[in-house]
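Colleague: Handing you a structure now.
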Amino acid sequence: MSSGYDPEQVERAAQAQWAESRCFEVSEDADREKFYCVTMFPYPSGKLHMGHVRVLTISDVIARFQRMQGKHVLQPMGWDAFGMPAENAAIQRGIPPARWTYNNIDDMRDQLKRLGYAYDWTREVTTCRPEYYRWEQWLFTRMFEKGLVYRQNAVVNWDPVDQTVLANEQVIDGRGWRSDALVERREIPQWFMKITDYADELLEELDHMPGWPDSVKTMQRNWIGRSEGIELGFDVPGEEEPLTVYTTRPDTLMGVTYMAVAAEHPLARKAAESNPEIAKFIEECRKTDAAEATLETIEKKGMPLGISAEHPLSGDAVPLWVANFVLMGYGTGAVMAVPGHDARDWEFATKYGLPIVQVIEPADGGTIDVTEAAYVEYGVLVNSGGYDGMTFDEAFDAIAEHFEATGRGRRKVNFRLRDWGVSRQRYWGTPIPIIYCDRCGAVPVPEADLPVVLPEDVEFKGVGSPLREMPEFFETSCPRCGDEARRETDTFDTFVESSWYFARYACPDADDAMLDERAHYWLPVDQYTGGIEHAILHLLYARFFQRVMRDEGLTEESEPFTNLLTQGMVLKNGAKMSKAKGNTVDPQTLIDEYGADTVRLFMMFAAPPEQALEWSDEGVQGSFRFLRRFWSAVEAHVGGGDTVAIDAGSLDDAQKELRRKTHQTIAKISDDIGRRHAFNTAVAAAMELLNAVNRLDDDTEMGRAVIQEALSSIVLILSPIVPHIADALWEMLGHDEPVIDQRWPEVDDVALEQELVELVVQVNGKLRGRISVDAEAEEGDIVASALADANVERFIDGKAIRKTIVVPGRLVNVVI
RNA sequence: GCCCGGGUGGCGGAAUUGGUAGACGCAGCGGACUUAAAAUCCGCUGUCCGAAAGGACGUGCGGGUUCGAGUCCCGCCCUGGGCACCA
């Protein structure tokens with residue numbers, strides 16, 4: 001007998017019904033509790049991949065579950081449409097980035113619709129559209145007026161052969177990915193946003209975000225990196241300005257035996273003028289890419305500059321070195337080195353034979369040898385003159401007061417966080433709305449002239465931005481004085497677009513403001529879901545932008561995302577699915593073969609959302625088999641005709657047991673989906689319940705009634721995960737209203753009641769027997785019953801019982 | 001190098017607050033149905049000893065705390081993510 005489950009037909013029918021009833025299109029309704037559910041929007045790279053399907057399904061399950069809780073749910077979708085892959089495709093295929101992008105969006109939108117996600121498509125946002133990015137340009141000009149943006153030199157990777165700036169991703173083993181030339185660091189002027197102005201607030205609010213995973217909050221805390229230290233100057237004979245350094249360990253100040261400056265530091269440059277060896281070394285230092293991971297792992301190298309600074313406490317001469325691990329632009333571009341109490345300084349000192357001095361000893365009186373290894377713990381000061389015997393805190397205060405009194409230093413709170421460089425020397429991005437005028441300097445484009453539209457019909461060669469070759473784009477006049485002027489040809493980092501799209505979904509058609517009153521209704525996002533790889537950058541930039549918009553009066557909210565779920569990657573054979581590795585599985589093939597519900601079910605069943613998911617073709621088949629079994633069970637049941645209402649008093653034990661299992665499952669899945677987001681165990685519980693239904697084999701009136709209840713419950717609780725088959729089965733089970741409009745089922749506490757419970761009995765913590773006791777039994781009776789068990793008795797073997805531990809509902813442990 | 005995760009049967013995973021390790025599924029083995037195969041259904045399935053009852057061992061490695069540790073603490077190993085221009 002063949003199964004009647006035809007996914008294609010079932011899914012088309014359900015999707016047609018949702019489209020016709022427009023049930024996912026929502027408008028603001030002040031009388032209802034809103035639930036705003038957003039997924040990190042996809043980059044339109046061509047086709048949907050499994051990573052997309054996973055994150056979108058997770059979010060869709062949450063949205064549909066909340067809808068069944070009676071919430072007014074908005075789930076929108078959009079496209080993070082600017083970025084490098086469009087430029088690469090343009091080079092490879094000769095298609096303009098815009099056309100490639102729009103084609104991809106059309107293809108991927110069709111795929112999303114085939115997967116049955118509950119989106120309000122009327123709110124679709126596409127970041128490469130002028131009606132979107134004009135507001136980003138507008139906000140930038142507002143930030144300019146407020147002094148929240150500035151232009152400064154910053155380091156980029158420079159490919160000397162292709163004469164172009166490279167992204168870190170385009171640098172492979174220190175070489176340009178196309179030219180294979182050794183990449184150099186180069187400084188060019190770039191625009192920065194002052195995210196550091198918000199560092200304190202971004203840090204402190206993390207303590208009040210219970211809906212975010214602790215790991216993400218910790219990463220952000222460490223990234224912002226607030227530290228308390230002292231900034232102080234070392235005089236350099238012959239220099240007007242002292243050499244300023246920052247340290248969090250002023251207690252080790254007397255242990256400073258050398259100082260190091262960056263290759264780009266003015267003192268290094270000056271020394272290079274008269275010393276070709278130093279000039280050569282500085283040149284060599286520039287031949288590394290700009291990534292921090294590179295900097296931290298390269299071999300530490302340095303050269304003496306031949307000059308010394310004066311120690312601010314002892315007056316001793318401290319030699320100055322130039323070192324490849326110090327970078328201009330991080331702090332002051334100079335560091336004081338304490339090899340006795342810092343691991344990196346120790347390594348460097350040992351390599352170059354620089355002195356190592358102990359100035360801290362362990363507080364517990366233990367002995368250490370700083371010639372063997374740096375001692376980096378806090379302790380008590382020694383060899384530090386008047387500071388000897390002080391603890392870290394005492395020395396910190398005393399030394400800070402000394403410098404504050406002499407005006408040579410001060411206490412300073414520092415942040416590791418740096419301002420956000422938003423300039424990109426690329427074509428396919430939002431034009432930075434600035435005009436350079438010889439007389440007026442950098443002038444923001446007036447609001448009336450926005451947007452600065454990116455020309456889409458371009459010839460794209462791949463080396464440098466085509467905008468630089470388009471006078472019709474960059475030739476303009478100064479908005480202030482009217483003189484000839486030149487438009488900025490750099491574009492924004494694409495993280496700028498993704499820092500506020502979640503707010504724009506609320507009012508995607510607003511054409512006289514970035515956000516309007518509709519944003520007040522929907523913000524903040526109640527549930528935000530996306531990859532863990534965005535734990536720091538994207539999520540921190542979005543939190544920053546939310547505050548900038550708040551301070552602009554566009555929203556009252558400070559935090560954009562109340563609850564955050566970070567999902568793991570999709571792997572195959574232990575590696576991330578990628579075209580490069582050739583281990584991708586095309587979702588479309590699977591949808592065509594098994595239907596969207598099977599793909600959605602497997603995604604939710606195979607692993608908890610936060611963990612990596614190992615792809616398995618056999619597992620997909622297993623999910624399909626389950627849906628077919630489910631269909632057959634309903635088909636067989638409804639073939640027996642209508643059922644009557646359950647009369648709880650007249651159920652036999654087996655019927656009671658199925659009913660208890662039904663309500664236990666409802667309770668478990670409510671918690672699994674609603675609180676724990678453990679979709680995998682929710683699916684497992686539903687499978688168990690279906691197995692219990694299939695085992696009952698009872699066609700009495702009450703048997704069929706409890707089966708009707710069990711099957712209807714499975715349909716409801718699985719409907720967020722497999723909404724199409726749920727729609728069909730719900731109708732087959734004789735319900736009039738569509739399942740999409742049903743409320744989440746309620747647990748009947750009476751059905752959960754149980755007369756006997758099973759406890760395990762341990763002897764010295766090892767499992768030795770099982771007993772069945774009355775659910776209300778007294779502790780004394782439970783122990784007596786446990787001791788009476790034959791195997792337990794055998795292990796006690798007449799020995800004295802030291803104590804017994806009874807954990808209600810779980811176990812008895814007899815300690816002998 | 002630094003920050004944050006993860007490591008449990010042949011495989012994906014479960015064990016939610018320190019309380020029955022291995023739910024559910026996959027794969028495998030045995031059986032039913034079939035002329036046969038596929039599909040479907042039923043049973044078994046951590047390792048070792050044992051006819052069975054039952055026992056010993058077992059959650060990356062080495063220690064520790066506890067009546068009891070996959071779970072907590074200390075020290076390692078391996079592995080994934082991020083490190084500011086991939087998105």
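Naming scheme: A, B, ... for chains in displayed order of the structure tokens; residues 1 onward per chain; ligands 1 onward as shown.
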Enumerate, in order of chain and increasing residue number, the residues of chain B with an atom no farther than 9 Å from chain A, each with its shortest atom pair and distance in Å to one decimal, counting only C-alpha atoms (C1' of nucleotides), as CSV.
Modeller:
```
residue,atom,partner,partner_atom,distance
B:G1,C1',A:Glu296,CA,4.9
B:C2,C1',A:Glu296,CA,8.1
B:C3,C1',A:Met219,CA,6.2
B:C4,C1',A:Met219,CA,5.8
B:G5,C1',A:Ser215,CA,7.7
B:G6,C1',A:Gln611,CA,8.2
B:G12,C1',A:Ala606,CA,6.0
B:G13,C1',A:Ala607,CA,6.5
B:A14,C1',A:Thr681,CA,7.6
B:U16,C1',A:Arg676,CA,8.2
B:G19,C1',A:Leu811,CA,6.9
B:U20,C1',A:Val760,CA,6.2
B:A23,C1',A:Ala684,CA,8.0
B:C24,C1',A:Ala684,CA,4.4
B:G25,C1',A:Gly622,CA,7.0
B:C26,C1',A:Gly619,CA,5.7
B:A27,C1',A:Glu618,CA,8.6
B:A39,C1',A:Ser2,CA,8.6
B:U40,C1',A:Met1,CA,8.8
B:C67,C1',A:Val815,CA,6.0
B:G68,C1',A:Gly765,CA,5.0
B:G80,C1',A:Ala612,CA,8.5
B:G81,C1',A:Glu533,CA,5.9
B:G82,C1',A:Glu533,CA,6.4
B:C83,C1',A:Ala293,CA,6.1
B:A84,C1',A:Leu537,CA,7.5
B:C85,C1',A:Ala167,CA,4.2
B:C86,C1',A:Glu169,CA,5.8
B:A87,C1',A:Tyr43,CA,6.9
```
Colleague: Got a sec: who's within 8 Å of range 230-242 of chain A, counting only C-alpha atoms (C1' of nucleotides), leaving out chain neighbours fewer than 2 positions off, as an MDAnalysis selection string?
Modeller: chainID A and resid 228 244:248 250 308:312 400 403 408:412
Colleague: Take the selection from the previous step and output its residues with all heavy atoms, as a compact mmCIF listing (two decimals), in the first residue's frame.
Modeller:
```txt
# COMPACT_ATOMS: atom_id res chain seq x y z
N GLU A 228 42.51 50.09 33.40
CA GLU A 228 42.91 51.25 34.18
C GLU A 228 44.42 51.24 34.28
O GLU A 228 45.01 50.22 34.63
CB GLU A 228 42.28 51.20 35.57
CG GLU A 228 40.77 51.40 35.49
CD GLU A 228 40.09 51.30 36.85
OE1 GLU A 228 40.81 51.21 37.87
OE2 GLU A 228 38.86 51.33 36.86
N THR A 244 55.53 59.34 25.11
CA THR A 244 54.41 58.97 25.98
C THR A 244 54.09 57.49 25.83
O THR A 244 54.02 56.97 24.71
CB THR A 244 53.17 59.79 25.60
OG1 THR A 244 53.51 61.17 25.72
CG2 THR A 244 52.01 59.49 26.53
N VAL A 245 53.92 56.81 26.96
CA VAL A 245 53.50 55.41 26.94
C VAL A 245 52.36 55.22 27.93
O VAL A 245 52.14 56.05 28.82
CB VAL A 245 54.66 54.44 27.32
CG1 VAL A 245 55.79 54.54 26.32
CG2 VAL A 245 55.14 54.70 28.73
N TYR A 246 51.64 54.12 27.75
CA TYR A 246 50.54 53.77 28.65
C TYR A 246 50.87 52.42 29.25
O TYR A 246 51.31 51.51 28.54
CB TYR A 246 49.23 53.70 27.88
CG TYR A 246 48.06 53.20 28.70
CD1 TYR A 246 47.37 54.07 29.54
CD2 TYR A 246 47.66 51.88 28.64
CE1 TYR A 246 46.31 53.62 30.30
CE2 TYR A 246 46.59 51.42 29.39
CZ TYR A 246 45.92 52.30 30.23
OH TYR A 246 44.86 51.86 30.98
N THR A 247 50.64 52.28 30.57
CA THR A 247 50.87 50.98 31.18
C THR A 247 49.80 50.67 32.21
O THR A 247 49.33 51.57 32.91
CB THR A 247 52.26 50.90 31.86
OG1 THR A 247 52.40 49.61 32.47
CG2 THR A 247 52.44 51.97 32.93
N THR A 248 49.42 49.40 32.25
CA THR A 248 48.49 48.95 33.30
C THR A 248 49.28 48.39 34.48
O THR A 248 48.69 47.96 35.46
CB THR A 248 47.56 47.84 32.77
OG1 THR A 248 48.37 46.76 32.28
CG2 THR A 248 46.67 48.37 31.67
N PRO A 250 52.00 50.02 36.43
CA PRO A 250 52.96 51.01 36.93
C PRO A 250 53.81 50.46 38.07
O PRO A 250 54.90 50.95 38.32
CB PRO A 250 52.07 52.17 37.39
CG PRO A 250 50.72 51.60 37.60
CD PRO A 250 50.61 50.50 36.60
N SER A 308 68.54 57.14 23.80
CA SER A 308 67.94 56.66 25.04
C SER A 308 66.94 57.67 25.57
O SER A 308 67.02 58.87 25.28
CB SER A 308 69.02 56.44 26.10
OG SER A 308 69.85 55.36 25.74
N ALA A 309 66.00 57.14 26.35
CA ALA A 309 65.10 58.01 27.10
C ALA A 309 65.57 58.01 28.56
O ALA A 309 66.41 57.19 28.95
CB ALA A 309 63.67 57.49 27.01
N GLU A 310 64.99 58.92 29.32
CA GLU A 310 65.40 59.04 30.71
C GLU A 310 64.31 58.44 31.58
O GLU A 310 63.14 58.81 31.45
CB GLU A 310 65.54 60.53 31.03
CG GLU A 310 66.48 60.86 32.15
CD GLU A 310 66.64 62.37 32.22
OE1 GLU A 310 65.83 63.00 32.94
OE2 GLU A 310 67.53 62.93 31.52
N HIS A 311 64.68 57.49 32.44
CA HIS A 311 63.67 56.87 33.29
C HIS A 311 63.07 57.92 34.21
O HIS A 311 63.80 58.63 34.90
CB HIS A 311 64.29 55.73 34.10
CG HIS A 311 63.26 54.85 34.74
ND1 HIS A 311 62.55 55.22 35.84
CD2 HIS A 311 62.80 53.61 34.40
CE1 HIS A 311 61.71 54.25 36.17
NE2 HIS A 311 61.84 53.26 35.29
N PRO A 312 61.76 58.05 34.26
CA PRO A 312 61.15 59.17 35.00
C PRO A 312 61.30 59.05 36.52
O PRO A 312 61.09 60.04 37.22
CB PRO A 312 59.67 59.12 34.60
CG PRO A 312 59.45 57.74 34.12
CD PRO A 312 60.75 57.25 33.56
N ALA A 400 50.97 56.80 40.72
CA ALA A 400 50.06 57.73 40.05
C ALA A 400 50.09 59.10 40.71
O ALA A 400 50.17 60.14 40.03
CB ALA A 400 48.63 57.17 40.07
N PHE A 403 53.25 61.04 39.80
CA PHE A 403 53.26 61.65 38.46
C PHE A 403 52.25 62.77 38.34
O PHE A 403 52.49 63.76 37.65
CB PHE A 403 53.04 60.59 37.38
CG PHE A 403 54.26 59.75 37.13
CD1 PHE A 403 54.25 58.39 37.34
CD2 PHE A 403 55.43 60.34 36.69
CE1 PHE A 403 55.37 57.62 37.12
CE2 PHE A 403 56.56 59.59 36.46
CZ PHE A 403 56.53 58.21 36.69
N ARG A 408 53.80 64.88 35.19
CA ARG A 408 54.46 64.11 34.13
C ARG A 408 53.65 62.89 33.71
O ARG A 408 54.08 62.13 32.85
CB ARG A 408 55.83 63.66 34.61
CG ARG A 408 56.72 64.83 35.02
CD ARG A 408 58.10 64.30 35.31
NE ARG A 408 58.54 63.47 34.17
CZ ARG A 408 59.42 63.89 33.27
NH1 ARG A 408 59.93 65.09 33.35
NH2 ARG A 408 59.78 63.09 32.31
N GLY A 409 52.50 62.71 34.37
CA GLY A 409 51.69 61.55 34.00
C GLY A 409 50.35 61.66 34.68
O GLY A 409 50.10 62.57 35.46
N ARG A 410 49.46 60.73 34.32
CA ARG A 410 48.13 60.76 34.93
C ARG A 410 47.49 59.38 34.85
O ARG A 410 47.86 58.57 34.00
CB ARG A 410 47.24 61.78 34.22
CG ARG A 410 47.04 61.46 32.75
CD ARG A 410 46.48 62.62 31.97
NE ARG A 410 46.43 62.28 30.56
CZ ARG A 410 45.32 61.91 29.92
NH1 ARG A 410 44.16 61.87 30.54
NH2 ARG A 410 45.36 61.57 28.64
N ARG A 411 46.52 59.17 35.74
CA ARG A 411 45.73 57.95 35.64
C ARG A 411 44.89 58.02 34.37
O ARG A 411 44.41 59.10 34.02
CB ARG A 411 44.74 57.86 36.82
CG ARG A 411 45.38 57.59 38.14
CD ARG A 411 44.35 57.83 39.23
NE ARG A 411 45.01 58.22 40.47
CZ ARG A 411 45.20 57.38 41.49
NH1 ARG A 411 44.78 56.14 41.42
NH2 ARG A 411 45.82 57.80 42.57
N LYS A 412 44.73 56.88 33.71
CA LYS A 412 43.95 56.91 32.47
C LYS A 412 43.21 55.60 32.28
O LYS A 412 43.79 54.52 32.48
CB LYS A 412 44.86 57.17 31.28
CG LYS A 412 44.08 57.53 30.03
CD LYS A 412 44.96 57.80 28.84
CE LYS A 412 44.10 58.05 27.60
NZ LYS A 412 44.88 57.91 26.37
```
Colleague: Would you return as a ChimeraX atom specification the members of range 350-497 of chain A that DSSP assigns to helix (DSSP H, G or I) on this structure's backbone?
Modeller: /A:350-352,385-387,392-406,447-449,466-469,471-474,497
Colleague: Find the residues near range 21-33 of chain A: any atom within 7 Å, counting only C-alpha atoms (C1' of nucleotides), skip ones fewer than 4 places away on the same chain, and give them as a short mmCIF file (atom, residue, chain, number, x, y, z; two decimals) with N, CA and C atoms, in the first residue's frame.
Modeller:
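What follows is the written file part_14.cif:
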```
data_model
loop_
_atom_site.label_atom_id
_atom_site.label_comp_id
_atom_site.auth_asym_id
_atom_site.auth_seq_id
_atom_site.Cartn_x
_atom_site.Cartn_y
_atom_site.Cartn_z
N GLN A 17 -2.26 28.98 0.22
CA GLN A 17 -3.22 29.44 1.22
C GLN A 17 -2.67 30.60 2.04
N LYS A 71 1.13 36.06 19.93
CA LYS A 71 1.84 37.33 19.71
C LYS A 71 1.59 37.84 18.29
N HIS A 72 1.76 39.14 18.15
CA HIS A 72 1.66 39.81 16.86
C HIS A 72 3.06 39.81 16.26
N LEU A 74 6.18 39.91 13.60
CA LEU A 74 6.74 40.40 12.34
C LEU A 74 8.05 39.68 12.07
N ALA A 118 7.76 32.23 6.98
CA ALA A 118 6.63 33.12 7.30
C ALA A 118 7.08 34.58 7.27
N TYR A 119 7.45 35.07 6.08
CA TYR A 119 7.94 36.44 5.96
C TYR A 119 6.84 37.39 5.52
N ASP A 120 6.97 38.61 6.00
CA ASP A 120 6.17 39.71 5.47
C ASP A 120 6.99 40.31 4.33
N ARG A 518 6.59 53.99 13.11
CA ARG A 518 6.40 52.54 13.09
C ARG A 518 7.56 51.81 13.76
N TYR A 521 7.07 51.15 17.38
CA TYR A 521 6.25 49.99 17.71
C TYR A 521 7.08 48.71 17.68
#
```
Colleague: Please identify all polymer residues within 12 Å of G43 in chain B, counting only C-alpha atoms (C1' of nucleotides), omitting same-chain residues fewer than 2 positions from it, and present them as number ranges by chain.
Modeller: B: 29-32, 41, 45
Colleague: Using Å and a single decimal, report how far CA of Val496 in chain A sits from CA of Pro210 in chain A.
Modeller: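 Going from CA of Pro210 in chain A over to CA of Val496 in chain A, I get 26.0 Å.
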Colleague: For Leu56 in chain A, which of A:Val256, A:Gln111, A:Glu87, A:Ala485 is the closest residue, counting only C-alpha atoms?
Modeller: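 Under the stated criterion, the closest residue is A:Gln111.
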Colleague: Identify, with DSSP run on backbone atoms, the residues in range 359-480 of chain A assigned to strand (DSSP E), and express the list as a list in words.
Modeller: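 Going through range 359-480 of chain A, the strand (DSSP E) residues come out as Ile360, Glu361, Val380, Leu381, Gly409, Arg410, Arg411, Lys412, Val413, Asn414, Phe415, Trp420, Gly421, Ser423, Arg424, Ile434, Ile435, Tyr436, Cys437, Gly441, Ala442, Val443, Pro444, Glu475, Thr476 and Ser477 of chain A.
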Colleague: Keeping only C-alpha atoms, take the residues you just selected and write them out as a PDB file, in the first residue's frame.
Modeller:
```
ATOM      1  CA  ILE A 360      58.141  42.144  41.900  1.00  0.00           C
ATOM      2  CA  GLU A 361      58.320  39.155  44.219  1.00  0.00           C
ATOM      3  CA  VAL A 380      55.124  42.865  46.264  1.00  0.00           C
ATOM      4  CA  LEU A 381      57.586  45.470  44.973  1.00  0.00           C
ATOM      5  CA  GLY A 409      51.692  61.554  34.000  1.00  0.00           C
ATOM      6  CA  ARG A 410      48.127  60.763  34.932  1.00  0.00           C
ATOM      7  CA  ARG A 411      45.726  57.946  35.645  1.00  0.00           C
ATOM      8  CA  LYS A 412      43.946  56.914  32.469  1.00  0.00           C
ATOM      9  CA  VAL A 413      41.199  54.543  31.512  1.00  0.00           C
ATOM     10  CA  ASN A 414      42.070  52.982  28.190  1.00  0.00           C
ATOM     11  CA  PHE A 415      40.028  50.909  25.795  1.00  0.00           C
ATOM     12  CA  TRP A 420      35.661  52.187  13.252  1.00  0.00           C
ATOM     13  CA  GLY A 421      37.369  52.809   9.925  1.00  0.00           C
ATOM     14  CA  SER A 423      36.328  53.833   4.146  1.00  0.00           C
ATOM     15  CA  ARG A 424      36.773  51.188   1.503  1.00  0.00           C
ATOM     16  CA  ILE A 434      31.671  63.950   1.149  1.00  0.00           C
ATOM     17  CA  ILE A 435      32.957  66.580  -1.263  1.00  0.00           C
ATOM     18  CA  TYR A 436      36.539  67.827  -1.090  1.00  0.00           C
ATOM     19  CA  CYS A 437      37.029  71.493  -1.808  1.00  0.00           C
ATOM     20  CA  GLY A 441      38.077  71.137   2.973  1.00  0.00           C
ATOM     21  CA  ALA A 442      35.872  68.076   3.433  1.00  0.00           C
ATOM     22  CA  VAL A 443      32.239  69.144   3.130  1.00  0.00           C
ATOM     23  CA  PRO A 444      29.299  66.787   3.712  1.00  0.00           C
ATOM     24  CA  GLU A 475      33.548  66.131 -10.704  1.00  0.00           C
ATOM     25  CA  THR A 476      31.248  68.432  -8.799  1.00  0.00           C
ATOM     26  CA  SER A 477      31.102  71.773  -7.087  1.00  0.00           C
TER      27      SER A 477
END
```
Colleague: Set the distance at 8 Å and use only C-alpha atoms (C1' of nucleotides): which residues neighbour Arg151 in chain A once local chain neighbours fewer than 2 positions away are removed? I'd like the list as a VMD selection string.
Modeller: chain A and resid 149 153 189 to 192
Colleague: Next, write the just-selected residues to a file, as a tab-separated table (two decimals), in the first residue's frame, keeping C-alpha atoms as the atom set.
Modeller:
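The result, written out as again-v8.tsv:
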```tsv
chain	number	residue	atom	x	y	z
A	149	VAL	CA	33.28	61.12	12.30
A	153	ASN	CA	45.56	58.15	8.06
A	189	PRO	CA	43.49	58.88	4.69
A	190	GLN	CA	40.26	57.23	5.75
A	191	TRP	CA	36.99	58.08	7.48
A	192	PHE	CA	36.40	56.88	11.03
```
Colleague: So which one's closest to Gly78 in chain A, A:Ala90, A:Phe396, A:Arg504, A:Ile432? Using only C-alpha atoms, please.
Modeller: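 For Gly78 in chain A, the nearest of the candidates is A:Arg504.
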Colleague: Figure out the distance between CA of Thr662 in chain A and CA of Val747 in chain A, please, to one decimal in Å.
Modeller: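 Interatomic distance here is 8.8 Å.
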Colleague: Which residues are close to Arg175 in chain A, i.e. within 10 Å by only C-alpha atoms (C1' of nucleotides), leaving aside same-chain residues fewer than 3 positions away? Reply as JSON, numbers by chain.
Modeller: {"A": [157, 158, 159, 166, 170, 171, 172, 178, 179, 180, 181, 182, 183, 184, 287, 288, 289]}
Colleague: Closest to G7 in chain B among B:C61, B:A38, B:A21, B:A53, using only C-alpha atoms (C1' of nucleotides)?
Modeller: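 Ranked by minimum distance to G7 in chain B, first place goes to B:C61.
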Colleague: Which is closer to Gln754 in chain A than all the others in A:Asp797, A:Asp789, A:Glu657, A:Glu559, using only C-alpha atoms?
Modeller: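 When distances to Gln754 in chain A are compared using only C-alpha atoms, the smallest one comes from A:Glu657.
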Colleague: Would you mind listing what lies within 12 Å of Asp388 in chain A as a PDB file with C-alpha atoms, in the first residue's frame, with only C-alpha atoms (C1' of nucleotides) counted and same-chain residues fewer than 3 positions away left out?
Modeller:
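Result file follows (result-v3.pdb):
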```
ATOM      1  CA  ASP A 251      54.092  48.800  39.824  1.00  0.00           C
ATOM      2  CA  THR A 252      56.742  47.362  37.453  1.00  0.00           C
ATOM      3  CA  MET A 254      61.430  50.333  38.020  1.00  0.00           C
ATOM      4  CA  GLN A 358      63.210  41.733  39.012  1.00  0.00           C
ATOM      5  CA  VAL A 359      61.013  44.338  40.708  1.00  0.00           C
ATOM      6  CA  ILE A 360      58.141  42.144  41.900  1.00  0.00           C
ATOM      7  CA  GLU A 361      58.320  39.155  44.219  1.00  0.00           C
ATOM      8  CA  GLY A 379      53.066  40.601  44.062  1.00  0.00           C
ATOM      9  CA  VAL A 380      55.124  42.865  46.264  1.00  0.00           C
ATOM     10  CA  LEU A 381      57.586  45.470  44.973  1.00  0.00           C
ATOM     11  CA  VAL A 382      61.346  45.031  45.380  1.00  0.00           C
ATOM     12  CA  ASN A 383      64.345  46.891  43.914  1.00  0.00           C
ATOM     13  CA  SER A 384      62.015  49.884  43.592  1.00  0.00           C
ATOM     14  CA  GLY A 385      63.451  52.335  46.114  1.00  0.00           C
ATOM     15  CA  THR A 391      51.330  45.709  46.914  1.00  0.00           C
ATOM     16  CA  PHE A 392      50.070  46.308  43.362  1.00  0.00           C
ATOM     17  CA  GLU A 394      49.485  50.580  46.908  1.00  0.00           C
ATOM     18  CA  ALA A 395      52.190  51.024  44.289  1.00  0.00           C
ATOM     19  CA  ALA A 398      51.598  55.986  45.022  1.00  0.00           C
ATOM     20  CA  ILE A 399      53.161  56.123  41.567  1.00  0.00           C
TER      21      ILE A 399
END
```
Colleague: Rounded to one decimal, what separation in Å do you get between CA of Ser314 in chain A and CA of Ile356 in chain A?
Modeller: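 Here the two named atoms are 16.0 Å from each other.
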